[in-house]
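Okay, so here's the structure we're looking at.
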Amino acid sequence: MSEVRFDGRAVVVTGAGTGLGRHYALLLAARGAGVVIADFGVSLQGAGTSSGPAESVAAEITAIGGAAVACYASVSEPAGATSMVEAALDTFGRLDAVVNNAGIVDHAWMDDLDEEQVRRLLDNHAIGTFLVTKAAWPHLVASDAGRVVNTVSESMLGNTPKAISYAAAKGAVFGLTRAMALDGRRHGVHVNAVAPRGTTRAHAPEILASVFEQPAESFGREFFTAMRPELVAPVVAYLAHQSCTLDGEVLVAGAGQVRRLVVGETQGIVVPELTPEDVAMQLDAILDSTGTEPMPVGFTAG
């Protein structure tokens, strides 16, 4: 097949000043895209701001002949989201894809979690994803290759301790992804998501030790080698490319592996006059995953 390239295309990547986002931006630029490096330079928990990360990555790309512009703005503010889109239009004259990657974490058990922590993560992940995509939407519709790549996490499924606020936020992004994909069909805009298995600043040994309550030495060099963030970038590049025909899907990516995350429903039971006792007595049949089919995006009668 022909090489996946983005010549003449422009992409906004949020959270592109560090970690996964930086690698996404580097690969997109290497494949010919003009990239807006959007980053507010906050801490892992969302505190403080700095223009340094965005400017550094933009300079890194331009130094090797790529096209990039830094945008120091917050995804959680409408004006910030708008400025990212305007940076693409002012610099490249168009916008063809958005990669919603910006994110923060704040680990806590339910006993110690407060409302402010949950709201802060929802604002960053879910509201931020909505605001940036909303600002970009008319330009994605006008493009013949409008693509949105959101970022979810397997943690939204409840498999990581001390991640209630993060799971709630990523679960909201999952819902946004599916619903945006359905809406995008009216205009030929494809919306998908990646669930990265790549190390970031959230995976520092001392942080992992705290989250999983294990010695830092438990997370050896092999873990960090396998989970290199650059191994997630090819999946993001494909999802952002005009050749991608997927819609409302989540691809789990990392360590050289790519999997489809499937949401399905079992065959279950049918009891016209259902009682609580029916549920209790037939629970095994309700939970039996034999014959489970993926649930499609959009309503299917039948």
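Residues are named by chain letter and number: chains run A, B, ... in the order of the structure tokens, numbers start at 1 in each chain, and ligands are numbered from 1 in the order shown.
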
Show me, as a ChimeraX atom specification, the residues that have an atom within 8 Å of range 179-186 of chain A when counting only C-alpha atoms, minus same-chain residues fewer than 4 positions from it. /A:175,190-192,247-248,297-298

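Surrounding range 236-238 of chain A within 8 Å are A:Val4, A:Tyr24, A:Leu27, A:Leu28, A:Val99, A:Val149, A:Val194, A:Cys244, with only C-alpha atoms counted and residues fewer than 6 positions along the same chain left out.
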
What does the file look like for those residues with C-alpha atoms, as a PDB file, in the first residue's frame?
```pdb
ATOM      1  CA  VAL A   4       0.464   7.048   5.030  1.00  0.00           C
ATOM      2  CA  TYR A  24       2.217  11.841  17.991  1.00  0.00           C
ATOM      3  CA  LEU A  27       5.352  11.301  13.641  1.00  0.00           C
ATOM      4  CA  LEU A  28       2.617  13.405  12.044  1.00  0.00           C
ATOM      5  CA  VAL A  99      -5.926  14.531  18.300  1.00  0.00           C
ATOM      6  CA  VAL A 149      -8.831  10.931  17.539  1.00  0.00           C
ATOM      7  CA  VAL A 194      -7.031   5.276  21.187  1.00  0.00           C
ATOM      8  CA  CYS A 244      -9.149   5.574   7.963  1.00  0.00           C
TER       9      CYS A 244
END
```

Using only C-alpha atoms, find each residue in range 96-178 of chain A having at least one atom no more than 8 Å away from range 32-47 of chain A; report its shortest atom-to-atom pair and that distance in Å (one decimal), rows by chain then rising number, as CSV.
```
residue,atom,partner,partner_atom,distance
A:Ala102,CA,A:Asp39,CA,7.5
A:Ile104,CA,A:Leu44,CA,5.3
A:Val105,CA,A:Gln45,CA,5.4
A:Asp106,CA,A:Gln45,CA,5.6
```

For range 288-290 of chain A, please output as an NGL selection string all residues within 8 Å (counting only C-alpha atoms; exclusion window: fewer than 3 positions along the same chain). :A and (265-268 or 284-285)

How would you write, as a PyMOL selection string, the set of residues in range 11-175 of chain A that DSSP gives as helix (DSSP H, G or I)? chain A and resi 19-30+52-63+78-92+110-112+115-142+154-157+164-175

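Looking only at range 179-273 of chain A, the set that DSSP places in strand (DSSP E or B) from backbone geometry is A:His190, A:Val191, A:Asn192, A:Ala193, A:Val194, A:Ala195, A:Pro196, A:Val250, A:Leu251, A:Val252, A:Ala253, A:Gly254, A:Gln257, A:Val258, A:Arg259, A:Arg260, A:Gly264, A:Glu265.
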
State, in Å with one decimal place, the distance from CA of Gly256 in chain A to CA of Ala226 in chain A. 8.1 Å

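Using only C-alpha atoms, the nearest neighbour of Glu86 in chain A within the list A:Met110, A:Ala10, A:Val57, A:Ala30 is A:Ala10.
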
What's the 10 Å shell around Gln257 in chain A, counting only C-alpha atoms, without same-chain residues fewer than 5 positions away, as a list of chain:residue names? A:Arg197, A:Leu231, A:Val232, A:Val235, A:Leu251, A:Val252

Output for the residues just chosen: C-alpha atoms as a compact mmCIF listing (two decimals), in the first residue's frame:
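Dumped to out.txt:
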```
# COMPACT_ATOMS: atom_id res chain seq x y z
CA ARG A 197 -0.43 1.46 26.62
CA LEU A 231 4.90 2.66 19.75
CA VAL A 232 1.43 4.17 20.24
CA VAL A 235 -2.08 3.93 15.59
CA LEU A 251 -8.02 0.74 19.46
CA VAL A 252 -5.88 -0.39 22.38
```

Contacts of His23 in chain A at 7 Å (only C-alpha atoms; same-chain gap of 6+ positions) as a PyMOL selection string: chain A and resi 229-230+233

Writing out the chosen residues with N, CA and C atoms as a tab-separated table (two decimals), in the first residue's frame:
```tsv
chain	number	residue	atom	x	y	z
A	229	PRO	N	6.35	5.15	24.49
A	229	PRO	CA	5.23	5.93	23.94
A	229	PRO	C	5.24	6.04	22.43
A	230	GLU	N	6.41	5.97	21.82
A	230	GLU	CA	6.47	6.09	20.35
A	230	GLU	C	5.79	4.93	19.65
A	233	ALA	N	2.15	5.89	18.69
A	233	ALA	CA	1.97	6.92	17.67
A	233	ALA	C	1.49	6.41	16.31
```
